[in-house]
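Shown next: start.cif, containing mmCIF, C-alpha atoms.
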data_my_file
#
loop_
_atom_site.label_atom_id
_atom_site.label_comp_id
_atom_site.auth_asym_id
_atom_site.auth_seq_id
_atom_site.Cartn_x
_atom_site.Cartn_y
_atom_site.Cartn_z
CA MET W 1 164.17 90.36 117.70
CA LYS W 2 160.98 88.34 117.60
CA LYS W 3 159.53 88.70 114.13
CA GLN W 4 155.96 89.75 113.46
CA LEU W 5 154.40 87.25 111.06
CA LEU W 6 152.62 88.84 108.09
CA ILE W 7 150.81 87.76 104.95
CA MET W 8 150.03 90.47 102.39
CA ASP W 9 147.03 90.21 100.07
CA MET W 10 147.47 92.78 97.33
CA ASP W 11 146.90 93.99 93.76
CA PRO W 12 150.10 95.90 92.79
CA GLY W 13 149.54 98.84 91.93
CA VAL W 14 151.89 101.76 92.67
CA ASP W 15 150.90 102.16 96.31
CA ASP W 16 150.76 98.37 96.88
CA ALA W 17 154.34 98.20 95.64
CA LEU W 18 155.32 100.99 98.04
CA ALA W 19 153.67 99.05 100.87
CA LEU W 20 155.61 95.94 99.88
CA LEU W 21 158.85 97.93 99.86
CA LEU W 22 158.08 99.16 103.38
CA ALA W 23 157.44 95.60 104.54
CA LEU W 24 160.69 94.35 103.03
CA ARG W 25 162.62 97.21 104.67
CA SER W 26 161.13 96.60 108.12
CA PRO W 27 163.34 94.19 110.09
CA GLU W 28 160.63 93.35 112.63
CA ILE W 29 158.47 91.76 109.91
CA GLN W 30 158.67 88.22 108.60
CA LEU W 31 156.67 88.20 105.39
CA LEU W 32 155.39 84.65 104.98
CA GLY W 33 153.87 85.12 101.56
CA ILE W 34 151.94 87.31 99.17
CA THR W 35 148.52 86.48 97.78
CA THR W 36 147.38 88.44 94.77
CA THR W 37 143.97 89.45 93.52
CA ALA W 38 142.49 91.35 90.61
CA GLY W 39 141.93 95.03 91.29
CA ASN W 40 144.28 97.73 90.13
CA ALA W 41 145.16 95.37 87.27
CA PRO W 42 144.19 91.87 86.12
CA VAL W 43 145.44 89.22 88.53
CA GLU W 44 148.05 87.89 86.12
CA MET W 45 149.65 91.36 86.09
CA THR W 46 149.35 91.93 89.84
CA SER W 47 151.04 88.57 90.45
CA LEU W 48 153.89 89.38 88.09
CA ASN W 49 154.25 92.83 89.63
CA ALA W 50 154.56 91.39 93.13
CA MET W 51 157.28 89.03 91.89
CA ARG W 52 159.04 91.81 89.98
CA VAL W 53 159.35 93.84 93.20
CA LEU W 54 160.50 90.81 95.22
CA GLU W 55 163.13 89.84 92.65
CA TYR W 56 164.38 93.43 92.40
CA LEU W 57 165.09 93.39 96.13
CA ASN W 58 166.49 89.84 96.13
CA ALA W 59 163.51 88.51 98.07
CA SER W 60 162.23 85.94 95.59
CA ASP W 61 162.20 83.30 98.33
CA ILE W 62 158.91 84.83 99.51
CA PRO W 63 156.15 82.83 97.78
CA VAL W 64 153.47 84.47 95.64
CA MET W 65 150.07 82.81 95.25
CA GLN W 66 147.77 83.98 92.46
CA GLY W 67 144.16 84.38 93.52
CA ALA W 68 140.80 85.64 92.33
CA GLN W 69 140.52 86.76 88.71
CA LYS W 70 137.43 88.88 89.33
CA PRO W 71 135.15 90.08 92.11
CA LEU W 72 132.58 87.63 93.47
CA LYS W 73 129.64 89.02 91.50
CA HIS W 74 130.95 91.76 89.23
CA ARG W 75 133.27 92.13 86.28
CA LEU W 76 136.70 93.58 86.97
CA VAL W 77 137.16 97.31 86.40
CA ASP W 78 140.90 97.91 86.67
CA ALA W 79 142.74 101.15 87.48
CA LEU W 80 145.55 101.00 84.93
CA HIS W 81 144.61 104.51 83.87
CA TYR W 82 145.89 105.58 87.31
CA HIS W 83 148.80 103.18 87.88
CA GLY W 84 150.20 103.08 84.35
CA PRO W 85 150.00 100.44 81.60
CA ASP W 86 152.28 98.07 83.55
CA GLY W 87 150.52 98.75 86.86
CA LEU W 88 153.80 99.98 88.34
CA GLY W 89 154.08 103.51 87.03
CA GLU W 90 156.21 102.52 84.04
CA SER W 91 159.04 101.74 86.45
CA GLU W 92 160.82 99.49 83.90
CA LEU W 93 161.43 96.63 86.31
CA PRO W 94 162.68 93.47 84.59
CA PRO W 95 160.12 90.75 83.84
CA ALA W 96 159.52 88.25 86.63
CA ILE W 97 161.47 85.00 86.48
CA SER W 98 159.97 83.10 89.41
CA PRO W 99 156.67 81.24 88.93
CA VAL W 100 153.63 81.69 91.12
CA GLN W 101 153.15 78.91 93.66
CA ALA W 102 150.79 76.06 92.84
CA ILE W 103 148.56 76.63 95.85
CA GLN W 104 145.36 78.61 96.20
CA PRO W 105 145.66 81.73 98.37
CA TRP W 106 142.79 80.66 100.63
CA ASP W 107 144.48 77.34 101.33
CA PHE W 108 147.83 79.05 101.99
CA ILE W 109 146.28 81.58 104.38
CA ALA W 110 144.28 78.94 106.24
CA HIS W 111 147.22 76.54 106.61
CA ALA W 112 149.59 79.28 107.78
CA ALA W 113 147.05 80.59 110.30
CA ALA W 114 146.28 77.12 111.67
CA SER W 115 150.01 76.42 112.04
CA ASN W 116 150.57 79.73 113.86
CA PRO W 117 147.34 80.42 115.77
CA ASP W 118 146.86 84.05 116.82
CA LYS W 119 150.30 84.99 115.48
CA ILE W 120 149.72 86.02 111.85
CA THR W 121 148.41 89.39 110.77
CA LEU W 122 146.88 89.61 107.31
CA VAL W 123 147.32 92.94 105.53
CA ALA W 124 144.89 93.38 102.61
CA THR W 125 145.51 96.32 100.30
CA GLY W 126 143.24 95.34 97.40
CA PRO W 127 139.64 94.21 96.98
CA LEU W 128 138.71 91.66 99.64
CA THR W 129 137.84 88.85 97.23
CA ASN W 130 140.58 86.47 98.37
CA ILE W 131 139.72 87.07 102.01
CA ALA W 132 136.05 86.31 101.40
CA LEU W 133 136.98 83.12 99.53
CA THR W 134 139.23 82.14 102.43
CA LEU W 135 136.26 82.52 104.80
CA GLN W 136 134.07 80.49 102.44
CA HIS W 137 136.55 77.62 102.14
CA HIS W 138 137.99 77.79 105.67
CA PRO W 139 135.59 79.62 108.02
CA GLU W 140 137.75 78.69 111.01
CA VAL W 141 140.45 81.09 109.77
CA ALA W 142 138.55 84.00 111.33
CA HIS W 143 139.52 82.62 114.75
CA HIS W 144 143.10 81.64 113.86
CA LEU W 145 144.40 84.97 112.58
CA ALA W 146 145.74 87.57 114.99
CA GLY W 147 143.98 90.19 112.91
CA LEU W 148 143.25 91.73 109.55
CA ILE W 149 144.40 95.21 108.57
CA LEU W 150 142.69 96.39 105.41
CA MET W 151 142.93 99.41 103.18
CA GLY W 152 139.46 100.33 102.03
CA GLY W 153 136.35 102.38 102.59
CA ALA W 154 135.38 105.96 103.27
CA TYR W 155 133.57 106.20 106.59
CA GLY W 156 132.67 109.85 107.06
CA LEU W 157 134.90 110.28 110.10
CA THR W 158 137.14 113.12 108.84
CA PRO W 159 136.86 116.02 106.36
CA TYR W 160 138.81 113.92 103.83
CA SER W 161 136.24 111.13 103.66
CA LYS W 162 135.15 111.06 100.04
CA GLY W 163 135.16 108.43 97.34
CA ASN W 164 137.87 107.83 94.76
CA GLN W 165 135.85 105.52 92.49
CA THR W 166 132.48 107.25 92.83
CA PRO W 167 131.74 110.40 94.85
CA TYR W 168 131.17 108.28 97.97
CA ALA W 169 132.77 104.86 97.36
CA GLU W 170 136.41 103.86 97.71
CA PHE W 171 137.90 101.71 94.91
CA ASN W 172 138.54 98.45 96.83
CA MET W 173 135.11 98.44 98.46
CA TRP W 174 133.38 99.36 95.19
CA GLN W 175 135.23 96.63 93.31
CA ASP W 176 133.85 93.82 95.48
CA PRO W 177 131.26 94.97 98.02
CA GLU W 178 129.92 91.43 98.47
CA ALA W 179 133.35 90.25 99.62
CA ALA W 180 133.67 93.22 101.98
CA HIS W 181 130.27 92.42 103.48
CA MET W 182 131.40 88.86 104.26
CA VAL W 183 134.63 90.09 105.83
CA PHE W 184 132.91 92.73 107.98
CA ALA W 185 130.49 90.08 109.29
CA SER W 186 133.19 87.50 109.99
CA GLY W 187 134.03 88.45 113.55
CA MET W 188 137.73 88.88 112.75
CA ASN W 189 139.78 91.47 114.59
CA ILE W 190 139.76 94.13 111.86
CA HIS W 191 141.49 97.49 111.61
CA ALA W 192 140.51 99.57 108.56
CA ILE W 193 142.58 102.30 106.96
CA GLY W 194 140.16 104.29 104.83
CA LEU W 195 140.23 107.35 102.65
CA ASP W 196 139.35 109.31 105.82
CA ILE W 197 143.07 109.41 106.55
CA SER W 198 144.79 108.34 103.31
CA LEU W 199 143.45 111.42 101.50
CA ASP W 200 144.76 113.65 104.29
CA PRO W 201 147.40 115.80 102.53
CA THR W 202 149.83 115.30 105.42
CA THR W 203 150.12 111.58 104.58
CA CYS W 204 151.00 112.10 100.90
CA LEU W 205 154.36 112.41 99.18
CA TYR W 206 155.27 115.50 97.19
CA GLU W 207 158.34 116.83 95.38
CA GLN W 208 160.21 117.41 98.65
CA GLN W 209 159.89 113.77 99.70
CA LEU W 210 160.70 112.61 96.17
CA GLN W 211 164.03 114.44 96.38
CA GLN W 212 164.81 112.53 99.59
CA LEU W 213 164.25 109.27 97.75
CA GLN W 214 166.47 110.38 94.88
CA GLN W 215 169.61 111.02 96.96
CA LYS W 216 172.86 109.68 95.52
CA SER W 217 173.84 106.15 96.59
CA ALA W 218 170.24 105.48 97.61
CA PRO W 219 169.47 101.80 98.30
CA ALA W 220 167.57 99.77 95.72
CA ALA W 221 164.28 100.18 97.60
CA ALA W 222 164.59 103.98 97.44
CA GLN W 223 165.50 103.89 93.76
CA LEU W 224 162.36 101.92 92.93
CA ALA W 225 160.22 103.99 95.29
CA SER W 226 161.43 107.17 93.61
CA LYS W 227 160.26 105.91 90.20
CA LEU W 228 156.84 104.98 91.58
CA VAL W 229 156.44 108.25 93.45
CA ASP W 230 157.71 110.30 90.51
CA TYR W 231 155.09 108.73 88.24
CA ALA W 232 152.30 109.47 90.72
CA ILE W 233 153.38 113.09 91.21
CA LYS W 234 153.75 113.74 87.49
CA HIS W 235 150.35 112.26 86.66
CA HIS W 236 148.31 113.09 89.78
CA GLY W 237 150.10 115.94 91.55
CA ARG W 238 150.99 113.88 94.61
CA CYS W 239 151.54 110.28 95.66
CA GLU W 240 148.71 109.08 97.87
CA MET W 241 149.93 106.47 100.34
CA HIS W 242 146.78 104.40 100.87
CA ASP W 243 148.49 101.00 101.12
CA PRO W 244 151.71 101.98 102.92
CA LEU W 245 149.48 103.41 105.65
CA ALA W 246 147.90 99.98 106.11
CA LEU W 247 151.32 98.38 106.35
CA ALA W 248 152.43 101.03 108.85
CA ALA W 249 149.49 100.05 111.05
CA ALA W 250 150.93 96.53 111.17
CA LEU W 251 154.33 97.72 112.38
CA GLU W 252 153.20 98.09 115.97
CA ASN W 253 153.33 101.82 115.38
CA MET W 254 149.73 102.34 116.38
CA GLU W 255 150.73 105.65 117.97
CA ILE W 256 150.63 107.03 114.43
CA PHE W 257 146.90 106.33 114.25
CA GLY W 258 143.73 106.75 116.21
CA PHE W 259 141.00 104.13 115.81
CA THR W 260 137.36 104.04 116.77
CA PRO W 261 135.17 100.91 116.90
CA LYS W 262 132.15 101.03 114.59
CA GLN W 263 129.71 98.67 112.99
CA VAL W 264 129.99 99.06 109.22
CA LYS W 265 127.41 98.45 106.53
CA ILE W 266 128.30 98.37 102.85
CA THR W 267 125.97 98.75 99.91
CA ARG W 268 126.07 95.66 97.73
CA GLY W 269 124.73 95.17 94.21
CA ASN W 270 125.41 97.42 91.25
CA GLY W 271 123.39 100.55 91.99
CA ALA W 272 124.57 104.12 92.30
CA LYS W 273 125.61 103.58 95.94
CA ARG W 274 127.58 100.38 95.29
CA GLY W 275 130.53 100.07 97.64
CA VAL W 276 129.54 102.92 99.94
CA THR W 277 130.59 102.16 103.53
CA TYR W 278 128.51 103.44 106.42
CA ALA W 279 129.91 103.64 109.94
CA LEU W 280 126.84 103.23 112.10
CA ILE W 281 126.53 105.71 114.92
CA GLN W 282 123.72 104.40 117.12
CA LYS W 283 121.90 101.58 115.37
CA LYS W 284 123.05 98.14 116.47
CA THR W 285 122.84 95.31 113.95
CA PRO W 286 123.38 91.92 115.65
CA SER W 287 124.92 90.39 112.51
CA LEU W 288 127.61 93.08 112.29
CA HIS W 289 130.72 92.92 114.44
CA PRO W 290 132.45 96.21 115.26
CA ILE W 291 135.67 96.94 113.40
CA TYR W 292 138.30 99.53 114.26
CA ILE W 293 138.37 102.40 111.77
CA ALA W 294 141.24 104.87 111.58
CA ASN W 295 139.93 108.33 112.36
CA LYS W 296 143.19 110.13 113.22
CA VAL W 297 146.69 110.08 111.76
CA ASN W 298 149.98 111.78 112.53
CA GLY W 299 151.06 112.39 108.96
CA SER W 300 154.55 113.65 109.74
CA ARG W 301 155.36 110.61 111.87
CA PHE W 302 154.07 108.30 109.16
CA LEU W 303 156.18 109.97 106.48
CA GLU W 304 159.22 109.86 108.75
CA LEU W 305 158.68 106.13 109.27
CA PHE W 306 158.29 105.46 105.56
CA LEU W 307 161.20 107.58 104.37
CA THR W 308 163.56 106.39 107.10
CA ARG W 309 162.87 102.74 106.35
CA ILE W 310 163.07 103.11 102.56
CA THR W 311 166.20 105.28 102.42
CA GLY W 312 167.96 103.76 105.43
CA LYS W 313 168.63 107.26 106.80
#

File written out as structure tokens:
Amino acid sequence: MKKQLLIMDMDPGVDDALALLLALRSPEIQLLGITTTAGNAPVEMTSLNAMRVLEYLNASDIPVMQGAQKPLKHRLVDALHYHGPDGLGESELPPAISPVQAIQPWDFIAHAAASNPDKITLVATGPLTNIALTLQHHPEVAHHLAGLILMGGAYGLTPYSKGNQTPYAEFNMWQDPEAAHMVFASGMNIHAIGLDISLDPTTCLYEQQLQQLQQKSAPAAAQLASKLVDYAIKHHGRCEMHDPLALAAALENMEIFGFTPKQVKITRGNGAKRGVTYALIQKKTPSLHPIYIANKVNGSRFLELFLTRITGK
């Protein structure tokens, strides 16, 4: 099997960790590395959390590069109130042993992409700060990557399109709208998984799915996933699968999703509409390149993919 080359940029995070588990349980993926950013938690914690998950699944050979400590122009506002004081739903994973790599994420991404032109997909499940810094330091990377799949935004394309940080802004976009603006204008091949589909109830995990993860003799990935999902259900009523949906879009399972090309504007600055993403309908802005926004999802097929991979059944 020819492996699909992936780099994940993330801020674990309960749902980031679930996305990482899905990547590690997908044999068609070769995960080249993980770059971490501040978002759900400070970057020191997100880096340790990524390594904790890797070590738990005996995958510590995958390098972790620690990136941006804060958004480009704003202070960090973490989401530990949602993800738990450890960022991983109090899952009690052992402390990380491996060190982060002594290389900047933007240099790692640029070198990997130049060495494998048009073969690496970047999956970003946190604020886009590291991606913007990569474009600043290595603008050529926009033409070397096969594509970018990002989790972020609320685009008004489905009845579920509402904000989760403010009434209209999604957390990752709100955290660093200046970075998102740079990425949207980069010309990269971008597919966006927004709250339009990740807040669709059919894509979420509930008690029934939790019981599937808790079956006896479940593999290590399912045991960890069950702790993460259990925490989310107990504290929030369901486990929203924002980031695993983005990873699923990288698995060449595009039949799960429908996408529509749109130009996207994002409100920068620190006003009341900070981070709001607008999918333009008619107006054409020459500086904005169209991106592909998910506007349809087959929730049952997505959940089947996730649960089958994680449980091995």

(message) Report as a PyMOL selection string all protein, DNA and RNA residues lying within 7 Å of stretch 225-232 of chain W, evaluated on all atoms listed in the file, omitting residues in the same chain fewer than 3 positions from it.
(response) chain W and resi 14+18+88-89+91+210+213-214+221-222+235-239

(message) Expand the PyMOL selection byres ((chain W and resi 181) around 9) into the explicit residue set it covers here, and present it as JSON, numbers by chain.
(response) {"W": [132, 176, 177, 178, 179, 180, 182, 183, 184, 185, 186, 264, 265, 266, 267, 268]}

With the cut-off set at 10 Å and counting all atoms listed in the file, tabulate each residue of stretch 149-251 of chain W with an atom at most that distance from an atom of stretch 54-63 of chain W, showing the nearest atom pair and its distance in Å to one decimal, ordered by chain and increasing number, as a Markdown table.
| residue | atom | partner | partner_atom | distance |
| --- | --- | --- | --- | --- |
| W:Pro219 | CA | W:Leu57 | CA | 9.7 |
| W:Ala220 | CA | W:Leu57 | CA | 6.9 |
| W:Ala221 | CA | W:Leu57 | CA | 7.0 |
| W:Leu224 | CA | W:Tyr56 | CA | 8.7 |

Give me a file of those residues, with C-alpha atoms, as a PDB file, keeping the file's coordinate frame.
ATOM      1  CA  PRO W 219     169.470 101.800  98.300  1.00  0.00           C
ATOM      2  CA  ALA W 220     167.570  99.770  95.720  1.00  0.00           C
ATOM      3  CA  ALA W 221     164.280 100.180  97.600  1.00  0.00           C
ATOM      4  CA  LEU W 224     162.360 101.920  92.930  1.00  0.00           C
TER       5      LEU W 224
END

List every residue of stretch 66-127 of chain W that has an atom at most 6 Å from any atom of stretch 27-41 of chain W, and for each one report the closest atom pair and its distance in Å to one decimal, counting only C-alpha atoms, with rows sorted by chain and then by increasing residue number, as a tab-separated table.
residue	atom	partner	partner_atom	distance
W:Gln66	CA	W:Thr36	CA	5.0
W:Gly67	CA	W:Thr37	CA	5.1
W:Ala68	CA	W:Thr37	CA	5.1
W:Gln69	CA	W:Ala38	CA	5.3
W:Lys70	CA	W:Ala38	CA	5.8
W:Asp78	CA	W:Asn40	CA	4.8
W:Ala79	CA	W:Asn40	CA	4.6
W:Pro105	CA	W:Thr35	CA	5.6

(message) Neighbouring residues of W:Thr203 were defined as those with any atom within 9 Å, considering only C-alpha atoms; residues of the same chain fewer than 5 positions away were excluded. Please report them as an NGL selection string.
(response) :W and (197-198 or 240-242 or 245 or 297-300 or 302-303)

(message) Report, in Å with one decimal, the straight-line distance from atom CA of W:Thr311 to atom CA of W:Gln212.
(response)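 Computing it gives 7.9 Å between the two atoms.
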
(request) Tell me which of W:Gln101, W:Gln4, W:Ser287, W:Gln175 sits closest to W:Gly126, counting all atoms listed in the file. (result) W:Gln175

(message) I'd like the residues picked by the PyMOL selection byres ((chain W and resi 250-259) around 10) written out as a ChimeraX atom specification, using the chain letters and numbers from the file.
(response) /W:4-6,22-23,26-29,121-123,147-149,191-193,197,244-249,260-262,291-302,305

(request) For atom CA of W:Leu135 and atom CA of W:Arg75, quote the distance in Å rounded to one decimal. (result)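 Between atom CA of W:Leu135 and atom CA of W:Arg75 the gap works out to 21.1 Å.
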
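Across the structure, atom CA of W:Tyr278 and atom CA of W:Tyr155 are spaced 5.8 Å apart.
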